[in-house]
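Novice: Input target.txt, format and content: compact mmCIF, N, CA and C atoms.
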# COMPACT_ATOMS: atom_id res chain seq x y z
N VAL A 21 -62.74 181.38 -112.16
CA VAL A 21 -61.92 180.96 -111.04
C VAL A 21 -62.76 180.06 -110.12
N GLN A 22 -62.17 178.95 -109.76
CA GLN A 22 -62.85 178.05 -108.82
C GLN A 22 -61.91 177.75 -107.67
N LEU A 23 -62.41 177.93 -106.46
CA LEU A 23 -61.65 177.66 -105.25
C LEU A 23 -62.45 176.68 -104.41
N VAL A 24 -61.83 175.59 -104.02
CA VAL A 24 -62.53 174.55 -103.27
C VAL A 24 -61.78 174.27 -101.98
N GLU A 25 -62.41 174.61 -100.86
CA GLU A 25 -61.80 174.39 -99.56
C GLU A 25 -62.14 172.99 -99.04
N SER A 26 -61.27 172.47 -98.22
CA SER A 26 -61.52 171.20 -97.55
C SER A 26 -60.72 171.16 -96.27
N GLY A 27 -61.02 170.16 -95.42
CA GLY A 27 -60.25 169.97 -94.20
C GLY A 27 -60.92 170.44 -92.93
N GLY A 28 -62.08 171.08 -93.06
CA GLY A 28 -62.77 171.51 -91.86
C GLY A 28 -63.34 170.33 -91.09
N GLY A 29 -63.85 170.61 -89.91
CA GLY A 29 -64.44 169.57 -89.08
C GLY A 29 -64.59 170.03 -87.66
N SER A 30 -64.81 169.09 -86.79
CA SER A 30 -64.98 169.38 -85.38
C SER A 30 -63.77 168.88 -84.61
N VAL A 31 -63.26 169.70 -83.72
CA VAL A 31 -62.06 169.36 -82.96
C VAL A 31 -62.19 169.94 -81.56
N GLN A 32 -61.57 169.30 -80.62
CA GLN A 32 -61.57 169.82 -79.26
C GLN A 32 -60.57 170.95 -79.12
N ALA A 33 -60.84 171.81 -78.17
CA ALA A 33 -59.93 172.92 -77.89
C ALA A 33 -58.52 172.38 -77.64
N GLY A 34 -57.55 173.08 -78.22
CA GLY A 34 -56.17 172.65 -78.12
C GLY A 34 -55.72 171.79 -79.29
N GLY A 35 -56.66 171.35 -80.08
CA GLY A 35 -56.34 170.51 -81.22
C GLY A 35 -55.91 171.29 -82.43
N SER A 36 -55.69 170.57 -83.53
CA SER A 36 -55.20 171.17 -84.77
C SER A 36 -56.03 170.71 -85.95
N LEU A 37 -56.06 171.54 -86.96
CA LEU A 37 -56.65 171.20 -88.25
C LEU A 37 -55.82 171.83 -89.35
N ARG A 38 -55.85 171.20 -90.50
CA ARG A 38 -55.18 171.76 -91.68
C ARG A 38 -56.19 171.91 -92.79
N LEU A 39 -56.42 173.13 -93.18
CA LEU A 39 -57.34 173.41 -94.27
C LEU A 39 -56.57 173.48 -95.58
N SER A 40 -57.25 173.09 -96.65
CA SER A 40 -56.67 173.17 -97.99
C SER A 40 -57.63 173.91 -98.90
N CYS A 41 -57.08 174.56 -99.89
CA CYS A 41 -57.88 175.26 -100.89
C CYS A 41 -57.25 174.99 -102.25
N ALA A 42 -57.96 174.23 -103.07
CA ALA A 42 -57.48 173.91 -104.41
C ALA A 42 -58.05 174.92 -105.40
N ALA A 43 -57.18 175.47 -106.23
CA ALA A 43 -57.57 176.53 -107.15
C ALA A 43 -57.48 176.07 -108.59
N SER A 44 -58.39 176.59 -109.41
CA SER A 44 -58.35 176.36 -110.85
C SER A 44 -58.91 177.60 -111.54
N GLY A 45 -58.61 177.71 -112.81
CA GLY A 45 -59.13 178.84 -113.58
C GLY A 45 -58.33 180.11 -113.49
N LEU A 46 -57.15 180.04 -112.89
CA LEU A 46 -56.26 181.19 -112.83
C LEU A 46 -54.83 180.68 -112.83
N THR A 47 -53.91 181.55 -113.20
CA THR A 47 -52.49 181.20 -113.14
C THR A 47 -52.08 181.32 -111.68
N PHE A 48 -52.24 180.23 -110.95
CA PHE A 48 -52.17 180.25 -109.49
C PHE A 48 -50.89 180.88 -108.98
N SER A 49 -49.78 180.57 -109.61
CA SER A 49 -48.48 181.02 -109.10
C SER A 49 -48.30 182.53 -109.16
N LEU A 50 -49.21 183.23 -109.82
CA LEU A 50 -49.09 184.68 -109.94
C LEU A 50 -50.00 185.44 -108.97
N TYR A 51 -50.82 184.70 -108.24
CA TYR A 51 -51.83 185.33 -107.40
C TYR A 51 -51.57 185.15 -105.92
N THR A 52 -51.61 186.24 -105.19
CA THR A 52 -51.63 186.19 -103.74
C THR A 52 -52.94 185.56 -103.30
N MET A 53 -52.87 184.72 -102.27
CA MET A 53 -54.04 184.00 -101.78
C MET A 53 -54.25 184.31 -100.30
N GLY A 54 -55.50 184.24 -99.88
CA GLY A 54 -55.79 184.54 -98.48
C GLY A 54 -56.84 183.62 -97.89
N TRP A 55 -56.85 183.59 -96.57
CA TRP A 55 -57.88 182.90 -95.82
C TRP A 55 -58.65 183.92 -94.98
N PHE A 56 -59.95 183.75 -94.93
CA PHE A 56 -60.84 184.58 -94.13
C PHE A 56 -61.77 183.65 -93.36
N ARG A 57 -62.43 184.21 -92.37
CA ARG A 57 -63.40 183.39 -91.64
C ARG A 57 -64.59 184.23 -91.21
N GLN A 58 -65.71 183.56 -91.03
CA GLN A 58 -66.91 184.23 -90.55
C GLN A 58 -67.56 183.38 -89.48
N ALA A 59 -67.55 183.91 -88.28
CA ALA A 59 -68.19 183.22 -87.15
C ALA A 59 -69.68 183.55 -87.14
N PRO A 60 -70.48 182.70 -86.49
CA PRO A 60 -71.93 182.95 -86.43
C PRO A 60 -72.24 184.32 -85.85
N GLY A 61 -73.04 185.09 -86.57
CA GLY A 61 -73.45 186.40 -86.09
C GLY A 61 -72.40 187.47 -86.19
N LYS A 62 -71.28 187.18 -86.82
CA LYS A 62 -70.20 188.17 -86.93
C LYS A 62 -69.86 188.43 -88.38
N GLU A 63 -69.14 189.51 -88.61
CA GLU A 63 -68.71 189.82 -89.95
C GLU A 63 -67.50 188.96 -90.33
N ARG A 64 -67.31 188.83 -91.61
CA ARG A 64 -66.15 188.11 -92.11
C ARG A 64 -64.88 188.86 -91.70
N GLU A 65 -63.86 188.10 -91.32
CA GLU A 65 -62.61 188.74 -90.92
C GLU A 65 -61.43 188.07 -91.60
N PHE A 66 -60.40 188.84 -91.74
CA PHE A 66 -59.16 188.37 -92.35
C PHE A 66 -58.44 187.43 -91.40
N VAL A 67 -57.85 186.38 -91.95
CA VAL A 67 -57.06 185.44 -91.16
C VAL A 67 -55.59 185.51 -91.56
N ALA A 68 -55.30 185.26 -92.83
CA ALA A 68 -53.91 185.23 -93.28
C ALA A 68 -53.86 185.34 -94.79
N ALA A 69 -52.72 185.77 -95.30
CA ALA A 69 -52.50 185.84 -96.75
C ALA A 69 -51.06 185.46 -97.04
N ILE A 70 -50.85 184.96 -98.25
CA ILE A 70 -49.51 184.58 -98.68
C ILE A 70 -49.29 185.12 -100.08
N LYS A 71 -48.16 185.78 -100.25
CA LYS A 71 -47.83 186.38 -101.52
C LYS A 71 -47.68 185.31 -102.60
N TRP A 72 -47.89 185.73 -103.85
CA TRP A 72 -47.85 184.79 -104.97
C TRP A 72 -46.55 183.99 -105.01
N SER A 73 -45.44 184.60 -104.57
CA SER A 73 -44.15 183.92 -104.58
C SER A 73 -44.02 182.92 -103.44
N GLY A 74 -44.89 183.04 -102.44
CA GLY A 74 -44.79 182.20 -101.26
C GLY A 74 -43.79 182.68 -100.24
N LEU A 75 -43.10 183.78 -100.52
CA LEU A 75 -42.01 184.22 -99.66
C LEU A 75 -42.45 185.16 -98.55
N ILE A 76 -43.64 185.73 -98.68
CA ILE A 76 -44.11 186.68 -97.67
C ILE A 76 -45.50 186.28 -97.21
N THR A 77 -45.69 186.26 -95.91
CA THR A 77 -46.99 185.97 -95.33
C THR A 77 -47.42 187.12 -94.43
N HIS A 78 -48.70 187.20 -94.20
CA HIS A 78 -49.26 188.27 -93.36
C HIS A 78 -50.44 187.66 -92.60
N TYR A 79 -50.51 187.97 -91.31
CA TYR A 79 -51.53 187.38 -90.45
C TYR A 79 -52.32 188.44 -89.71
N ALA A 80 -53.53 188.09 -89.34
CA ALA A 80 -54.25 188.91 -88.38
C ALA A 80 -53.46 188.90 -87.08
N ASP A 81 -53.38 190.04 -86.44
CA ASP A 81 -52.54 190.16 -85.25
C ASP A 81 -52.86 189.11 -84.19
N SER A 82 -54.12 188.81 -84.03
CA SER A 82 -54.52 187.92 -82.93
C SER A 82 -54.24 186.45 -83.23
N LEU A 83 -53.89 186.14 -84.47
CA LEU A 83 -53.75 184.73 -84.87
C LEU A 83 -52.32 184.31 -85.14
N GLU A 84 -51.44 185.26 -85.34
CA GLU A 84 -50.07 184.90 -85.65
C GLU A 84 -49.46 184.12 -84.50
N GLY A 85 -48.81 183.04 -84.87
CA GLY A 85 -48.23 182.17 -83.86
C GLY A 85 -48.99 180.87 -83.71
N ARG A 86 -50.30 180.92 -83.95
CA ARG A 86 -51.09 179.69 -83.89
C ARG A 86 -51.43 179.17 -85.28
N PHE A 87 -51.58 180.09 -86.24
CA PHE A 87 -51.95 179.71 -87.60
C PHE A 87 -50.76 179.92 -88.53
N THR A 88 -50.64 179.05 -89.53
CA THR A 88 -49.59 179.17 -90.53
C THR A 88 -50.17 178.96 -91.91
N ILE A 89 -49.97 179.92 -92.79
CA ILE A 89 -50.42 179.80 -94.17
C ILE A 89 -49.24 179.39 -95.03
N SER A 90 -49.50 178.53 -96.00
CA SER A 90 -48.46 178.09 -96.93
C SER A 90 -49.12 177.80 -98.27
N ARG A 91 -48.29 177.56 -99.27
CA ARG A 91 -48.83 177.25 -100.58
C ARG A 91 -47.89 176.32 -101.32
N ASP A 92 -48.46 175.57 -102.23
CA ASP A 92 -47.71 174.71 -103.13
C ASP A 92 -48.16 175.08 -104.54
N ASN A 93 -47.35 175.86 -105.22
CA ASN A 93 -47.75 176.35 -106.53
C ASN A 93 -47.86 175.22 -107.54
N ALA A 94 -47.07 174.19 -107.38
CA ALA A 94 -47.15 173.05 -108.30
C ALA A 94 -48.48 172.33 -108.16
N LYS A 95 -49.03 172.31 -106.96
CA LYS A 95 -50.32 171.66 -106.71
C LYS A 95 -51.48 172.65 -106.76
N ARG A 96 -51.18 173.93 -106.99
CA ARG A 96 -52.22 174.96 -107.07
C ARG A 96 -53.07 174.96 -105.82
N THR A 97 -52.43 174.85 -104.69
CA THR A 97 -53.16 174.71 -103.42
C THR A 97 -52.55 175.62 -102.36
N VAL A 98 -53.42 176.21 -101.58
CA VAL A 98 -53.00 177.00 -100.42
C VAL A 98 -53.52 176.30 -99.17
N TYR A 99 -52.73 176.35 -98.10
CA TYR A 99 -53.05 175.64 -96.87
C TYR A 99 -53.15 176.61 -95.70
N LEU A 100 -53.88 176.18 -94.68
CA LEU A 100 -53.91 176.91 -93.42
C LEU A 100 -53.79 175.89 -92.30
N GLN A 101 -52.63 175.87 -91.66
CA GLN A 101 -52.41 175.01 -90.52
C GLN A 101 -52.84 175.76 -89.27
N MET A 102 -53.75 175.17 -88.52
CA MET A 102 -54.30 175.83 -87.34
C MET A 102 -53.99 174.97 -86.11
N ASN A 103 -53.24 175.52 -85.20
CA ASN A 103 -52.85 174.82 -83.98
C ASN A 103 -53.44 175.50 -82.76
N SER A 104 -53.45 174.79 -81.65
CA SER A 104 -53.94 175.34 -80.38
C SER A 104 -55.30 176.00 -80.57
N LEU A 105 -56.18 175.30 -81.23
CA LEU A 105 -57.48 175.88 -81.57
C LEU A 105 -58.30 176.17 -80.30
N GLU A 106 -59.06 177.24 -80.39
CA GLU A 106 -59.90 177.71 -79.30
C GLU A 106 -61.34 177.75 -79.77
N PRO A 107 -62.29 177.66 -78.84
CA PRO A 107 -63.70 177.76 -79.26
C PRO A 107 -63.99 179.01 -80.08
N GLU A 108 -63.25 180.09 -79.81
CA GLU A 108 -63.45 181.34 -80.55
C GLU A 108 -63.03 181.23 -82.01
N ASP A 109 -62.34 180.16 -82.37
CA ASP A 109 -61.95 179.95 -83.77
C ASP A 109 -63.06 179.29 -84.57
N THR A 110 -64.14 178.93 -83.92
CA THR A 110 -65.28 178.33 -84.62
C THR A 110 -65.82 179.30 -85.66
N ALA A 111 -65.88 178.86 -86.92
CA ALA A 111 -66.30 179.73 -88.02
C ALA A 111 -66.32 178.92 -89.30
N VAL A 112 -66.86 179.54 -90.33
CA VAL A 112 -66.69 179.03 -91.69
C VAL A 112 -65.47 179.73 -92.26
N TYR A 113 -64.55 178.94 -92.76
CA TYR A 113 -63.29 179.46 -93.29
C TYR A 113 -63.36 179.46 -94.82
N TYR A 114 -62.99 180.59 -95.38
CA TYR A 114 -63.03 180.78 -96.83
C TYR A 114 -61.64 181.11 -97.36
N CYS A 115 -61.32 180.59 -98.52
CA CYS A 115 -60.11 181.09 -99.18
C CYS A 115 -60.53 182.03 -100.31
N ALA A 116 -59.62 182.89 -100.66
CA ALA A 116 -59.88 183.89 -101.68
C ALA A 116 -58.63 184.12 -102.51
N ALA A 117 -58.83 184.47 -103.76
CA ALA A 117 -57.73 184.84 -104.63
C ALA A 117 -57.73 186.36 -104.82
N ASP A 118 -56.57 186.91 -104.93
CA ASP A 118 -56.46 188.35 -105.13
C ASP A 118 -57.12 188.76 -106.44
N ARG A 119 -57.40 190.04 -106.56
CA ARG A 119 -58.10 190.53 -107.74
C ARG A 119 -57.23 190.51 -108.99
N SER A 120 -55.94 190.70 -108.80
CA SER A 120 -55.04 190.76 -109.94
C SER A 120 -53.71 190.15 -109.56
N PRO A 121 -52.88 189.80 -110.55
CA PRO A 121 -51.60 189.16 -110.24
C PRO A 121 -50.64 190.07 -109.49
N TYR A 122 -49.68 189.45 -108.84
CA TYR A 122 -48.54 190.15 -108.23
C TYR A 122 -48.94 191.09 -107.10
N GLY A 123 -50.04 190.81 -106.43
CA GLY A 123 -50.43 191.63 -105.30
C GLY A 123 -49.61 191.31 -104.06
N THR A 124 -49.78 192.14 -103.04
CA THR A 124 -49.08 191.92 -101.78
C THR A 124 -49.99 191.23 -100.77
N ALA A 125 -49.37 190.58 -99.80
CA ALA A 125 -50.15 189.88 -98.77
C ALA A 125 -50.91 190.89 -97.90
N GLN A 126 -50.26 192.00 -97.58
CA GLN A 126 -50.92 193.01 -96.75
C GLN A 126 -52.13 193.61 -97.44
N ALA A 127 -52.04 193.76 -98.75
CA ALA A 127 -53.15 194.38 -99.49
C ALA A 127 -54.39 193.51 -99.47
N MET A 128 -54.24 192.20 -99.35
CA MET A 128 -55.42 191.34 -99.29
C MET A 128 -56.25 191.63 -98.05
N GLU A 129 -55.58 191.95 -96.96
CA GLU A 129 -56.34 192.28 -95.76
C GLU A 129 -57.08 193.60 -95.94
N MET A 130 -56.39 194.59 -96.48
CA MET A 130 -56.99 195.91 -96.61
C MET A 130 -58.09 195.95 -97.67
N GLY A 131 -57.95 195.15 -98.71
CA GLY A 131 -58.90 195.21 -99.82
C GLY A 131 -59.84 194.03 -99.88
N SER A 132 -60.09 193.39 -98.75
CA SER A 132 -60.87 192.15 -98.78
C SER A 132 -62.29 192.38 -99.29
N ALA A 133 -62.83 193.56 -99.08
CA ALA A 133 -64.21 193.83 -99.51
C ALA A 133 -64.34 193.83 -101.02
N THR A 134 -63.25 193.98 -101.73
CA THR A 134 -63.32 194.06 -103.19
C THR A 134 -62.94 192.74 -103.86
N LEU A 135 -62.59 191.72 -103.09
CA LEU A 135 -62.24 190.44 -103.68
C LEU A 135 -63.47 189.78 -104.30
N THR A 136 -63.27 189.13 -105.42
CA THR A 136 -64.41 188.55 -106.13
C THR A 136 -64.33 187.04 -106.27
N SER A 137 -63.17 186.46 -106.00
CA SER A 137 -63.01 185.01 -106.16
C SER A 137 -62.93 184.36 -104.78
N TRP A 138 -63.99 183.64 -104.44
CA TRP A 138 -64.11 183.02 -103.12
C TRP A 138 -64.48 181.55 -103.26
N GLY A 139 -64.03 180.76 -102.29
CA GLY A 139 -64.50 179.39 -102.22
C GLY A 139 -65.85 179.32 -101.52
N GLN A 140 -66.36 178.11 -101.39
CA GLN A 140 -67.67 177.93 -100.77
C GLN A 140 -67.57 177.86 -99.26
N GLY A 141 -66.38 177.70 -98.74
CA GLY A 141 -66.16 177.68 -97.30
C GLY A 141 -66.12 176.27 -96.74
N THR A 142 -65.39 176.13 -95.65
CA THR A 142 -65.35 174.88 -94.91
C THR A 142 -65.54 175.20 -93.43
N ARG A 143 -66.38 174.45 -92.78
CA ARG A 143 -66.78 174.78 -91.41
C ARG A 143 -65.81 174.16 -90.41
N VAL A 144 -65.40 174.97 -89.46
CA VAL A 144 -64.55 174.53 -88.36
C VAL A 144 -65.29 174.76 -87.05
N THR A 145 -65.42 173.71 -86.27
CA THR A 145 -66.07 173.80 -84.96
C THR A 145 -65.09 173.35 -83.89
N VAL A 146 -64.85 174.21 -82.93
CA VAL A 146 -63.94 173.89 -81.84
C VAL A 146 -64.75 173.80 -80.55
N THR A 147 -64.72 172.64 -79.92
CA THR A 147 -65.50 172.42 -78.72
C THR A 147 -64.61 172.49 -77.49
N SER A 148 -65.18 172.97 -76.40
CA SER A 148 -64.41 173.12 -75.16
C SER A 148 -64.52 171.88 -74.29
Step by step, read the file and then write its structure as structure tokens.
Specialist:
Amino acid sequence: VQLVESGGGSVQAGGSLRLSCAASGLTFSLYTMGWFRQAPGKEREFVAAIKWSGLITHYADSLEGRFTISRDNAKRTVYLQMNSLEPEDTAVYYCAADRSPYGTAQAMEMGSATLTSWGQGTRVTVTS
């Protein structure tokens, strides 16, 4: 499995970014996908997940409303639209694939420690 993130960069507070994660090596349409982030000096945390069907999404409580996860199964890509960015959103953002097909979006948050397919990350810096 190969996951390649892109779209990170530096943006001023209040701005927006759209991250992309292109997947290969798995039957993408069968796998729930998620986004996680790790800020400097902090542990990795869950951001959002989207069910393999694309019909159900799940967000970290503090981020829902500003971030939107989506996917295009035909393009084998998952996206994270981030609006109203804050300096606290500064982190390396990683996408991940679920361990097995047909998982739930909620389960990706609970079982993140057991995920084995990760991208290399894309850095997001939000300046005040």
Novice: Give me, as a PDB file with N, CA and C atoms, keeping the file's coordinate frame, all polymer residues having an atom no more than 7 Å from Asp118 in chain A, counting only C-alpha atoms and skipping those fewer than 2 positions away in the same chain.
Specialist:
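Writing done, so here's selection00.pdb:
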ATOM      1  N   TYR A  51     -50.820 184.700-108.240  1.00  0.00           N
ATOM      2  CA  TYR A  51     -51.830 185.330-107.400  1.00  0.00           C
ATOM      3  C   TYR A  51     -51.570 185.150-105.920  1.00  0.00           C
ATOM      4  N   THR A  52     -51.610 186.240-105.190  1.00  0.00           N
ATOM      5  CA  THR A  52     -51.630 186.190-103.740  1.00  0.00           C
ATOM      6  C   THR A  52     -52.940 185.560-103.300  1.00  0.00           C
ATOM      7  N   MET A  53     -52.870 184.720-102.270  1.00  0.00           N
ATOM      8  CA  MET A  53     -54.040 184.000-101.780  1.00  0.00           C
ATOM      9  C   MET A  53     -54.250 184.310-100.300  1.00  0.00           C
ATOM     10  N   ALA A 116     -59.620 182.890-100.660  1.00  0.00           N
ATOM     11  CA  ALA A 116     -59.880 183.890-101.680  1.00  0.00           C
ATOM     12  C   ALA A 116     -58.630 184.120-102.510  1.00  0.00           C
ATOM     13  N   SER A 120     -55.940 190.700-108.800  1.00  0.00           N
ATOM     14  CA  SER A 120     -55.040 190.760-109.940  1.00  0.00           C
ATOM     15  C   SER A 120     -53.710 190.150-109.560  1.00  0.00           C
ATOM     16  N   GLY A 123     -50.040 190.810-106.430  1.00  0.00           N
ATOM     17  CA  GLY A 123     -50.430 191.630-105.300  1.00  0.00           C
ATOM     18  C   GLY A 123     -49.610 191.310-104.060  1.00  0.00           C
ATOM     19  N   MET A 128     -54.240 192.200 -99.350  1.00  0.00           N
ATOM     20  CA  MET A 128     -55.420 191.340 -99.290  1.00  0.00           C
ATOM     21  C   MET A 128     -56.250 191.630 -98.050  1.00  0.00           C
ATOM     22  N   LEU A 135     -62.590 191.720-103.090  1.00  0.00           N
ATOM     23  CA  LEU A 135     -62.240 190.440-103.680  1.00  0.00           C
ATOM     24  C   LEU A 135     -63.470 189.780-104.300  1.00  0.00           C
TER      25      LEU A 135
END
Novice: Which residues come within 7 Å of Ser40 in chain A, counting all atoms listed in the file, excluding same-chain residues fewer than 4 positions away, as a list in words?
Specialist: Val24, Glu25, Ser26, Gly27, Gly28, Thr97, Val98, Tyr99 and Leu100 of chain A
Novice: Would you kindly return, as a ChimeraX atom specification, each protein, DNA or RNA residue with an atom no farther than 7 Å from any atom of Val31 in chain A, considering all atoms listed in the file and excluding same-chain residues fewer than 2 positions away?
Specialist: /A:29,33-36,144-148
Novice: Limited to N, CA and C atoms, could you put the picked residues into a file as a PDB file, in the coordinates of the input?
Specialist:
ATOM      1  N   GLY A  29     -63.850 170.610 -89.910  1.00  0.00           N
ATOM      2  CA  GLY A  29     -64.440 169.570 -89.080  1.00  0.00           C
ATOM      3  C   GLY A  29     -64.590 170.030 -87.660  1.00  0.00           C
ATOM      4  N   ALA A  33     -60.840 171.810 -78.170  1.00  0.00           N
ATOM      5  CA  ALA A  33     -59.930 172.920 -77.890  1.00  0.00           C
ATOM      6  C   ALA A  33     -58.520 172.380 -77.640  1.00  0.00           C
ATOM      7  N   GLY A  34     -57.550 173.080 -78.220  1.00  0.00           N
ATOM      8  CA  GLY A  34     -56.170 172.650 -78.120  1.00  0.00           C
ATOM      9  C   GLY A  34     -55.720 171.790 -79.290  1.00  0.00           C
ATOM     10  N   GLY A  35     -56.660 171.350 -80.080  1.00  0.00           N
ATOM     11  CA  GLY A  35     -56.340 170.510 -81.220  1.00  0.00           C
ATOM     12  C   GLY A  35     -55.910 171.290 -82.430  1.00  0.00           C
ATOM     13  N   SER A  36     -55.690 170.570 -83.530  1.00  0.00           N
ATOM     14  CA  SER A  36     -55.200 171.170 -84.770  1.00  0.00           C
ATOM     15  C   SER A  36     -56.030 170.710 -85.950  1.00  0.00           C
ATOM     16  N   VAL A 144     -65.400 174.970 -89.460  1.00  0.00           N
ATOM     17  CA  VAL A 144     -64.550 174.530 -88.360  1.00  0.00           C
ATOM     18  C   VAL A 144     -65.290 174.760 -87.050  1.00  0.00           C
ATOM     19  N   THR A 145     -65.420 173.710 -86.270  1.00  0.00           N
ATOM     20  CA  THR A 145     -66.070 173.800 -84.960  1.00  0.00           C
ATOM     21  C   THR A 145     -65.090 173.350 -83.890  1.00  0.00           C
ATOM     22  N   VAL A 146     -64.850 174.210 -82.930  1.00  0.00           N
ATOM     23  CA  VAL A 146     -63.940 173.890 -81.840  1.00  0.00           C
ATOM     24  C   VAL A 146     -64.750 173.800 -80.550  1.00  0.00           C
ATOM     25  N   THR A 147     -64.720 172.640 -79.920  1.00  0.00           N
ATOM     26  CA  THR A 147     -65.500 172.420 -78.720  1.00  0.00           C
ATOM     27  C   THR A 147     -64.610 172.490 -77.490  1.00  0.00           C
ATOM     28  N   SER A 148     -65.180 172.970 -76.400  1.00  0.00           N
ATOM     29  CA  SER A 148     -64.410 173.120 -75.160  1.00  0.00           C
ATOM     30  C   SER A 148     -64.520 171.880 -74.290  1.00  0.00           C
TER      31      SER A 148
END
Novice: When you count only C-alpha atoms, which of these residues is closest to Leu75 in chain A: A:Asp92, A:Leu23, A:Ala59, A:Trp138?
Specialist: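 Of A:Asp92, A:Leu23, A:Ala59, A:Trp138, the one nearest Leu75 in chain A is A:Asp92, counting only C-alpha atoms.
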Novice: State, in Å with one decimal place, the distance from CA of Ala68 in chain A to CA of Ser137 in chain A.
Specialist: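 Distance between the two atoms: 15.8 Å.
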Novice: List every residue of range 22-147 of chain A that DSSP, applied to the backbone of this structure, places in strand (DSSP E), and write the result as number ranges by chain.
Specialist: A: 22-26, 29-32, 37-44, 53-58, 65-70, 77-79, 87-92, 97-102, 111-117, 137-138, 142-147
Novice: Could you check how far atom N of Gly131 in chain A sits from atom N of Ser30 in chain A, in Å to one decimal?
Specialist: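 Computing it gives 29.5 Å between the two atoms.
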Novice: Which residue out of A:Leu46, A:Ala111, A:Thr124, A:Arg57 has the minimum interatomic distance to Ile76 in chain A when only C-alpha atoms are used?
Specialist: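 Once distances to Ile76 in chain A are computed over only C-alpha atoms, the minimum belongs to A:Thr124.
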Novice: Rounded to one decimal, what separation in Å do you get between CA of Gly141 in chain A and atom C of Ala42 in chain A?
Specialist: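 Atom-to-atom, CA of Gly141 in chain A to atom C of Ala42 in chain A, that is 11.8 Å.
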Novice: Measuring between only C-alpha atoms, which one of A:Ala127, A:Ala80, A:Ala94, A:Ile70 shows the shortest distance to Ala43 in chain A?
Specialist: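 Among the listed residues, A:Ala94 lies closest to Ala43 in chain A.
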Novice: Using only the atoms of range 65-71 of chain A listed in the file, plus 4 Å on each side, state the axis-aligned box centre and edge lengths in Å rounded to one decimal, as AutoDock Vina command-line options.
Specialist:
--center_x -55.8 --center_y 186.7 --center_z -96.8 --size_x 24.2 --size_y 12.3 --size_z 19.7
Novice: Give me the residues near Phe56 in chain A as a list of chain:residue names, where near means some atom within 6.5 Å (using all atoms listed in the file) and where sequence neighbours in that chain fewer than 4 positions away do not count.
Specialist: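 Answer for this query is A:Arg64, A:Glu65, A:Phe66, A:Val67, A:Ala68, A:Val112, A:Tyr113, A:Tyr114, A:Cys115, A:Ala116.
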Novice: Nearest to Asp81 in chain A among A:Gln126, A:Ser49, A:Asn103, A:Asn93, with distances taken over only C-alpha atoms: which residue is it?
Specialist: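 Comparing A:Gln126, A:Ser49, A:Asn103, A:Asn93 against Asp81 in chain A, the winner is A:Gln126.
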Novice: Nearest to Cys41 in chain A among A:His78, A:Arg96, A:Arg86, A:Lys71, with distances taken over only N, CA and C atoms: which residue is it?
Specialist: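 Nearest to Cys41 in chain A: A:Arg96.
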